[in-house]
Amino acid sequence: MSVASVHLEADAYLVCLTHALSTEREEVMGLLIGEVDEKRVSRISAVIILRRSDKQADRVEISPEQLSDASTKAEQLAHQLQRPMRVLGWYHSHPHITVWPSHVDVRTQAMYQMMDTGFIGLIFSVFNEDKNTKVNRVQLTCFQSVEVTSHYGSTDYERVEVPVHIAPSTAISRACLESIIKLPRILSQEEEDAYEQTTQNSLDLITQIHNASVFTKSECHIMEVMGGPLLQSLENRLAVNSVKIAQLHKQKELLVEKLKHF
Ligand code: ZN
């Protein structure tokens with residue numbers, strides 16, 4: 001059954017966006033988890049960040065193993081939250097290019113819909129400069145594919161836009177927090193995989209040293225642009241939460257005092 005609209009919880013949006021902004025060189029991707037209500041609204045409340053086995057600037061693919069692992073994770077979440085959670089779709093980033101899905105994206109989407117007609121695709125366009133204002137902007141689109149017949153009678157697919165709303169929330173759920181703190185680790189594992197591939201060949205010493213330096217530099221970059229700021233923002237949230245807790249305690253004391261006078 002097709003989807004009426006998509007509600008993306010703010011903390012799930014935060015995970016996707018942080019992931020999309022982690023690199024401007026290649027596309028990144030992940031899976032969306034949540035539940036569908038009786039009005040055919042897909043409510044996305046958790047995200048699985050996928051590790052890329054093969055880094056290519058303009059190609060993203062989900063392996064069957066990744067899909068089945070995601071389903072298992074969704075089942076665990078369903079059990080924890082006592083809600084019917086499942087994999088609802090996928091997301092990927094478009095660094096430096098328009099938000100609209102490519103022909104390959106539309107065909108890939110159609111393939112996923114063959115397994116699940118309600119499957120949706122999100123695209124985050126990042127590092128995309130507005131030509132007039134010269135400001136970097138983030139754009140988000142949600143789409144599904146429909147089959148169309150061309151003039152020559154052959155079958156093709158077209159994009160259909162699905163309305164997407166970001167549902168406000170002030171807290172980060174446990175599932176989203178776990179995904180976001182895993183991100184630096186996943187990025188670093190990708191770098192480790194890439195480096196490991198170079199050590200399998202017998203290379204001369206200078207090239208070996210060069211590759212090792214590139215690896216070290218990438219690891220430092222992840223710490224600088226991802227690990228550090230993430231830690232800082234979580235510490236900031238913790239500080240804000242501590243202040244809120246102290247205020248609530250004070251209010252509680254006042255209320256207890258008032259009750260005593262009754
Ligand atoms: Zn794409």
# chains A, B, ... in the order shown; residues from 1 in each chain; ligands from 1
call {"tool": "residues_near_ligand", "arguments": {"ligand": "ligand 1", "cutoff": "12 Å", "atoms": "only C-alpha atoms and all ligand atoms", "output": "VMD selection string"}}
result
chain A and resid 26 to 29 56 to 61 90 to 109 121 to 126 140 to 143
call {"tool": "write_last_selection", "arguments": {"atoms": "N, CA and C atoms", "output": "short mmCIF file (atom, residue, chain, number, x, y, z; two decimals), in the first residue's frame"}}
result
data_model
loop_
_atom_site.label_atom_id
_atom_site.label_comp_id
_atom_site.auth_asym_id
_atom_site.auth_seq_id
_atom_site.Cartn_x
_atom_site.Cartn_y
_atom_site.Cartn_z
N GLU A 26 31.73 11.55 -0.64
CA GLU A 26 30.91 10.45 -1.17
C GLU A 26 29.51 10.49 -0.57
N GLU A 27 28.64 9.71 -1.21
CA GLU A 27 27.28 9.59 -0.68
C GLU A 27 27.30 8.61 0.50
N VAL A 28 26.47 8.90 1.49
CA VAL A 28 26.35 7.97 2.62
C VAL A 28 24.90 7.48 2.66
N MET A 29 24.67 6.38 3.34
CA MET A 29 23.31 5.88 3.39
C MET A 29 22.97 5.12 4.66
N GLN A 56 32.11 4.73 -3.31
CA GLN A 56 32.05 5.32 -4.64
C GLN A 56 31.26 6.61 -4.53
N ALA A 57 31.74 7.61 -5.27
CA ALA A 57 31.16 8.94 -5.12
C ALA A 57 29.66 8.97 -5.41
N ASP A 58 29.21 8.23 -6.43
CA ASP A 58 27.83 8.41 -6.85
C ASP A 58 27.03 7.12 -6.83
N ARG A 59 27.45 6.16 -6.00
CA ARG A 59 26.68 4.91 -5.99
C ARG A 59 26.48 4.41 -4.58
N VAL A 60 25.25 4.09 -4.26
CA VAL A 60 24.98 3.54 -2.95
C VAL A 60 24.11 2.30 -3.12
N GLU A 61 24.39 1.30 -2.33
CA GLU A 61 23.64 0.05 -2.44
C GLU A 61 23.50 -0.59 -1.07
N TRP A 90 14.76 3.90 3.23
CA TRP A 90 16.21 4.16 3.24
C TRP A 90 16.46 5.64 3.02
N TYR A 91 17.65 6.09 3.35
CA TYR A 91 18.04 7.47 3.06
C TYR A 91 19.45 7.46 2.50
N HIS A 92 19.74 8.45 1.69
CA HIS A 92 21.12 8.64 1.27
C HIS A 92 21.40 10.11 1.03
N SER A 93 22.68 10.44 0.97
CA SER A 93 23.03 11.86 0.83
C SER A 93 23.43 12.18 -0.61
N HIS A 94 23.24 13.43 -0.99
CA HIS A 94 23.69 13.95 -2.29
C HIS A 94 24.61 15.13 -2.02
N PRO A 95 25.89 14.87 -1.74
CA PRO A 95 26.77 16.02 -1.50
C PRO A 95 27.08 16.78 -2.80
N HIS A 96 26.92 18.08 -2.75
CA HIS A 96 27.21 18.98 -3.87
C HIS A 96 26.29 18.84 -5.08
N ILE A 97 25.24 18.04 -4.97
CA ILE A 97 24.31 17.95 -6.11
C ILE A 97 22.86 18.16 -5.65
N THR A 98 21.98 18.29 -6.62
CA THR A 98 20.57 18.58 -6.31
C THR A 98 19.94 17.44 -5.52
N VAL A 99 18.85 17.77 -4.86
CA VAL A 99 18.20 16.81 -3.97
C VAL A 99 17.43 15.72 -4.74
N TRP A 100 17.12 15.99 -6.03
CA TRP A 100 16.25 15.07 -6.77
C TRP A 100 16.92 13.73 -7.06
N PRO A 101 16.14 12.63 -6.94
CA PRO A 101 16.73 11.31 -7.17
C PRO A 101 17.19 11.12 -8.62
N SER A 102 18.30 10.43 -8.79
CA SER A 102 18.80 10.14 -10.13
C SER A 102 17.98 9.00 -10.73
N HIS A 103 18.22 8.68 -12.03
CA HIS A 103 17.51 7.55 -12.65
C HIS A 103 17.80 6.26 -11.90
N VAL A 104 19.07 6.14 -11.49
CA VAL A 104 19.47 4.93 -10.74
C VAL A 104 18.70 4.88 -9.40
N ASP A 105 18.59 6.04 -8.72
CA ASP A 105 17.86 6.10 -7.45
C ASP A 105 16.41 5.65 -7.63
N VAL A 106 15.77 6.16 -8.70
CA VAL A 106 14.36 5.85 -8.95
C VAL A 106 14.18 4.35 -9.23
N ARG A 107 15.14 3.77 -9.97
CA ARG A 107 15.06 2.33 -10.26
C ARG A 107 15.34 1.49 -9.01
N THR A 108 16.34 1.93 -8.21
CA THR A 108 16.66 1.23 -6.97
C THR A 108 15.44 1.25 -6.05
N GLN A 109 14.80 2.43 -5.97
CA GLN A 109 13.60 2.61 -5.15
C GLN A 109 12.49 1.64 -5.60
N GLY A 121 11.93 6.48 0.20
CA GLY A 121 13.32 6.92 0.08
C GLY A 121 13.44 8.38 0.47
N LEU A 122 14.44 8.69 1.30
CA LEU A 122 14.73 10.08 1.66
C LEU A 122 16.06 10.45 1.04
N ILE A 123 16.17 11.69 0.56
CA ILE A 123 17.47 12.17 0.07
C ILE A 123 17.79 13.49 0.76
N PHE A 124 19.02 13.58 1.25
CA PHE A 124 19.50 14.81 1.87
C PHE A 124 20.54 15.42 0.94
N SER A 125 20.24 16.60 0.40
CA SER A 125 21.23 17.30 -0.40
C SER A 125 22.02 18.20 0.54
N VAL A 126 23.34 17.99 0.58
CA VAL A 126 24.19 18.75 1.52
C VAL A 126 25.38 19.36 0.78
N LEU A 140 15.83 18.43 1.69
CA LEU A 140 15.37 17.07 1.97
C LEU A 140 14.19 16.76 1.06
N THR A 141 14.20 15.57 0.48
CA THR A 141 13.03 15.13 -0.27
C THR A 141 12.69 13.69 0.10
N CYS A 142 11.41 13.37 -0.05
CA CYS A 142 10.96 12.01 0.21
C CYS A 142 10.26 11.54 -1.06
N PHE A 143 10.58 10.34 -1.53
CA PHE A 143 9.99 9.90 -2.79
C PHE A 143 9.68 8.41 -2.82
#
call {"tool": "select_by_dssp", "arguments": {"residues": "segment 23-232 of chain A", "states": "strand (DSSP E or B)", "output": "number ranges by chain"}}
result
A: 29-36, 41-49, 86-95, 120-129, 136-149, 155-161, 164-167
call {"tool": "select_by_dssp", "arguments": {"residues": "segment 31-208 of chain A", "states": "helix (DSSP H, G or I)", "output": "short mmCIF file (atom, residue, chain, number, x, y, z; two decimals) with N, CA and C atoms, in the first residue's frame"}}
result
data_model
loop_
_atom_site.label_atom_id
_atom_site.label_comp_id
_atom_site.auth_asym_id
_atom_site.auth_seq_id
_atom_site.Cartn_x
_atom_site.Cartn_y
_atom_site.Cartn_z
N PRO A 64 21.84 -7.48 0.93
CA PRO A 64 20.77 -8.26 1.58
C PRO A 64 21.07 -8.50 3.06
N GLU A 65 22.38 -8.66 3.40
CA GLU A 65 22.76 -8.89 4.81
C GLU A 65 22.40 -7.66 5.65
N GLN A 66 22.69 -6.48 5.10
CA GLN A 66 22.39 -5.24 5.83
C GLN A 66 20.89 -5.10 6.07
N LEU A 67 20.10 -5.46 5.04
CA LEU A 67 18.64 -5.38 5.19
C LEU A 67 18.14 -6.34 6.25
N SER A 68 18.70 -7.56 6.27
CA SER A 68 18.21 -8.53 7.26
C SER A 68 18.68 -8.15 8.66
N ASP A 69 19.91 -7.59 8.77
CA ASP A 69 20.39 -7.11 10.09
C ASP A 69 19.48 -5.99 10.60
N ALA A 70 19.05 -5.10 9.67
CA ALA A 70 18.19 -3.98 10.05
C ALA A 70 16.84 -4.49 10.54
N SER A 71 16.31 -5.53 9.87
CA SER A 71 15.03 -6.11 10.30
C SER A 71 15.15 -6.67 11.71
N THR A 72 16.28 -7.33 11.99
CA THR A 72 16.50 -7.88 13.33
C THR A 72 16.53 -6.76 14.35
N LYS A 73 17.23 -5.66 14.00
CA LYS A 73 17.34 -4.51 14.91
C LYS A 73 15.94 -3.92 15.16
N ALA A 74 15.13 -3.85 14.09
CA ALA A 74 13.77 -3.31 14.22
C ALA A 74 12.93 -4.18 15.15
N GLU A 75 13.11 -5.51 15.03
CA GLU A 75 12.38 -6.44 15.90
C GLU A 75 12.77 -6.24 17.37
N GLN A 76 14.09 -6.02 17.59
CA GLN A 76 14.56 -5.78 18.97
C GLN A 76 13.92 -4.51 19.52
N LEU A 77 13.88 -3.46 18.69
CA LEU A 77 13.29 -2.19 19.10
C LEU A 77 11.81 -2.36 19.40
N ALA A 78 11.12 -3.13 18.55
CA ALA A 78 9.69 -3.39 18.72
C ALA A 78 9.45 -4.04 20.08
N HIS A 79 10.34 -4.98 20.41
CA HIS A 79 10.23 -5.69 21.67
C HIS A 79 10.45 -4.73 22.85
N GLN A 80 11.51 -3.89 22.73
CA GLN A 80 11.84 -2.92 23.78
C GLN A 80 10.73 -1.91 24.01
N LEU A 81 10.21 -1.37 22.88
CA LEU A 81 9.25 -0.27 22.97
C LEU A 81 7.80 -0.75 23.00
N HIS A 103 18.22 8.68 -12.03
CA HIS A 103 17.51 7.55 -12.65
C HIS A 103 17.80 6.26 -11.90
N VAL A 104 19.07 6.14 -11.49
CA VAL A 104 19.47 4.93 -10.74
C VAL A 104 18.70 4.88 -9.40
N ASP A 105 18.59 6.04 -8.72
CA ASP A 105 17.86 6.10 -7.45
C ASP A 105 16.41 5.65 -7.63
N VAL A 106 15.77 6.16 -8.70
CA VAL A 106 14.36 5.85 -8.95
C VAL A 106 14.18 4.35 -9.23
N ARG A 107 15.14 3.77 -9.97
CA ARG A 107 15.06 2.33 -10.26
C ARG A 107 15.34 1.49 -9.01
N THR A 108 16.34 1.93 -8.21
CA THR A 108 16.66 1.23 -6.97
C THR A 108 15.44 1.25 -6.05
N GLN A 109 14.80 2.43 -5.97
CA GLN A 109 13.60 2.61 -5.15
C GLN A 109 12.49 1.64 -5.60
N ALA A 110 12.30 1.53 -6.94
CA ALA A 110 11.27 0.64 -7.49
C ALA A 110 11.53 -0.80 -7.07
N MET A 111 12.83 -1.16 -7.03
CA MET A 111 13.20 -2.53 -6.66
C MET A 111 12.82 -2.80 -5.19
N TYR A 112 13.09 -1.81 -4.31
CA TYR A 112 12.72 -1.98 -2.89
C TYR A 112 11.20 -2.07 -2.74
N GLN A 113 10.47 -1.30 -3.56
CA GLN A 113 9.00 -1.32 -3.46
C GLN A 113 8.40 -2.66 -3.90
N MET A 114 9.19 -3.43 -4.69
CA MET A 114 8.70 -4.74 -5.09
C MET A 114 8.60 -5.65 -3.87
N MET A 115 9.52 -5.40 -2.90
CA MET A 115 9.51 -6.21 -1.67
C MET A 115 8.49 -5.65 -0.68
N ARG A 174 16.64 6.85 23.03
CA ARG A 174 17.78 5.96 23.27
C ARG A 174 18.31 5.38 21.94
N ALA A 175 17.36 4.96 21.07
CA ALA A 175 17.75 4.35 19.79
C ALA A 175 18.54 5.34 18.94
N CYS A 176 18.09 6.61 18.90
CA CYS A 176 18.77 7.61 18.08
C CYS A 176 20.12 7.97 18.68
N LEU A 177 20.18 8.04 20.00
CA LEU A 177 21.44 8.36 20.67
C LEU A 177 22.47 7.27 20.38
N GLU A 178 22.02 6.00 20.43
CA GLU A 178 22.93 4.89 20.15
C GLU A 178 23.46 4.97 18.72
N SER A 179 22.58 5.31 17.76
CA SER A 179 23.01 5.41 16.36
C SER A 179 24.03 6.52 16.18
N ILE A 180 23.75 7.66 16.80
CA ILE A 180 24.62 8.81 16.57
C ILE A 180 26.00 8.61 17.21
N ILE A 181 26.06 7.94 18.36
CA ILE A 181 27.37 7.74 18.97
C ILE A 181 28.17 6.64 18.26
N LYS A 182 27.46 5.83 17.48
CA LYS A 182 28.16 4.80 16.69
C LYS A 182 28.82 5.40 15.45
N LEU A 183 28.34 6.59 15.03
CA LEU A 183 28.78 7.16 13.76
C LEU A 183 30.30 7.33 13.62
N PRO A 184 31.01 7.96 14.59
CA PRO A 184 32.46 8.09 14.43
C PRO A 184 33.15 6.73 14.27
N ARG A 185 32.65 5.73 14.99
CA ARG A 185 33.22 4.37 14.92
C ARG A 185 33.04 3.78 13.52
N ILE A 186 31.84 3.95 12.96
CA ILE A 186 31.56 3.42 11.62
C ILE A 186 32.46 4.10 10.58
N LEU A 187 32.57 5.42 10.67
CA LEU A 187 33.40 6.16 9.72
C LEU A 187 34.85 5.71 9.81
N SER A 188 35.30 5.48 11.05
CA SER A 188 36.69 5.08 11.23
C SER A 188 36.91 3.65 10.73
N GLN A 189 35.89 2.79 10.87
CA GLN A 189 36.00 1.42 10.33
C GLN A 189 36.10 1.43 8.81
N GLU A 190 35.37 2.36 8.18
CA GLU A 190 35.44 2.47 6.72
C GLU A 190 36.87 2.83 6.28
N GLU A 191 37.48 3.76 7.02
CA GLU A 191 38.85 4.16 6.71
C GLU A 191 39.81 2.99 6.93
N GLU A 192 39.56 2.24 8.02
CA GLU A 192 40.39 1.09 8.34
C GLU A 192 40.32 0.04 7.22
N ASP A 193 39.09 -0.21 6.73
CA ASP A 193 38.90 -1.17 5.63
C ASP A 193 39.68 -0.75 4.40
N ALA A 194 39.58 0.56 4.07
CA ALA A 194 40.26 1.08 2.88
C ALA A 194 41.77 0.93 3.02
N TYR A 195 42.27 1.20 4.23
CA TYR A 195 43.72 1.10 4.47
C TYR A 195 44.16 -0.36 4.41
N GLU A 196 43.35 -1.24 5.00
CA GLU A 196 43.69 -2.66 5.02
C GLU A 196 43.85 -3.24 3.63
N GLN A 197 43.02 -2.74 2.71
CA GLN A 197 43.10 -3.24 1.33
C GLN A 197 44.47 -2.93 0.72
N THR A 198 45.05 -1.78 1.09
CA THR A 198 46.35 -1.40 0.51
C THR A 198 47.48 -2.24 1.10
N THR A 199 47.29 -2.77 2.32
CA THR A 199 48.38 -3.53 2.94
C THR A 199 48.45 -4.95 2.40
N LEU A 205 58.39 0.72 0.31
CA LEU A 205 58.33 1.32 1.64
C LEU A 205 57.71 2.72 1.63
N ILE A 206 58.11 3.54 0.65
CA ILE A 206 57.62 4.93 0.60
C ILE A 206 56.09 4.93 0.45
N THR A 207 55.58 4.06 -0.46
CA THR A 207 54.13 3.99 -0.68
C THR A 207 53.43 3.52 0.58
N GLN A 208 54.03 2.54 1.27
CA GLN A 208 53.44 2.04 2.52
C GLN A 208 53.32 3.16 3.55
#
call {"tool": "atom_distance", "arguments": {"atom1": "atom CA of Gln139 of chain A", "atom2": "atom CA of Leu17 of chain A"}}
result
10.1 Å
call {"tool": "closest_atom_pairs", "arguments": {"of": "segment 150-248 of chain A", "to": "segment 34-43 of chain A", "cutoff": "12 Å", "atoms": "only C-alpha atoms", "output": "tab-separated table"}}
result
residue	atom	partner	partner_atom	distance
A:Val162	CA	A:Val41	CA	10.4
A:Pro163	CA	A:Val41	CA	9.9
A:Val164	CA	A:Ser42	CA	9.4
A:His165	CA	A:Arg43	CA	9.7
A:Ile166	CA	A:Arg43	CA	9.9
A:Ala167	CA	A:Arg43	CA	9.1
A:Ala175	CA	A:Gly34	CA	11.0
A:Cys176	CA	A:Gly34	CA	11.7
call {"tool": "write_last_selection", "arguments": {"atoms": "N, CA, C and O atoms", "output": "compact mmCIF listing (two decimals), in the first residue's frame"}}
result
# COMPACT_ATOMS: atom_id res chain seq x y z
N VAL A 162 6.61 12.37 -1.90
CA VAL A 162 5.79 12.04 -0.72
C VAL A 162 5.97 13.18 0.28
O VAL A 162 7.10 13.56 0.56
N PRO A 163 4.88 13.76 0.80
CA PRO A 163 5.04 14.85 1.78
C PRO A 163 5.78 14.37 3.03
O PRO A 163 5.48 13.29 3.54
N VAL A 164 6.75 15.16 3.46
CA VAL A 164 7.52 14.78 4.65
C VAL A 164 7.48 15.92 5.67
O VAL A 164 7.61 17.09 5.32
N HIS A 165 7.21 15.57 6.92
CA HIS A 165 7.16 16.55 8.01
C HIS A 165 8.18 16.17 9.06
O HIS A 165 8.31 14.99 9.39
N ILE A 166 8.86 17.15 9.60
CA ILE A 166 9.78 16.86 10.71
C ILE A 166 9.01 17.13 12.00
O ILE A 166 8.55 18.24 12.25
N ALA A 167 8.81 16.05 12.79
CA ALA A 167 8.03 16.17 14.02
C ALA A 167 8.93 16.67 15.14
O ALA A 167 9.94 16.03 15.45
N ALA A 175 17.36 4.96 21.07
CA ALA A 175 17.75 4.35 19.79
C ALA A 175 18.54 5.34 18.94
O ALA A 175 19.56 4.98 18.34
N CYS A 176 18.09 6.61 18.90
CA CYS A 176 18.77 7.61 18.08
C CYS A 176 20.12 7.97 18.68
O CYS A 176 21.10 8.17 17.96
call {"tool": "atom_distance", "arguments": {"atom1": "atom CA of Phe127 of chain A", "atom2": "atom CA of Glu24 of chain A"}}
result
6.7 Å
call {"tool": "closest_residue", "arguments": {"among": "A:Ser173, A:Asn241, A:Thr133, A:Asn211", "to": "Ala10 of chain A", "atoms": "only C-alpha atoms"}}
result
A:Ser173
call {"tool": "atom_distance", "arguments": {"atom1": "atom CA of Lys134 of chain A", "atom2": "atom CA of Ser22 of chain A"}}
result
20.6 Å
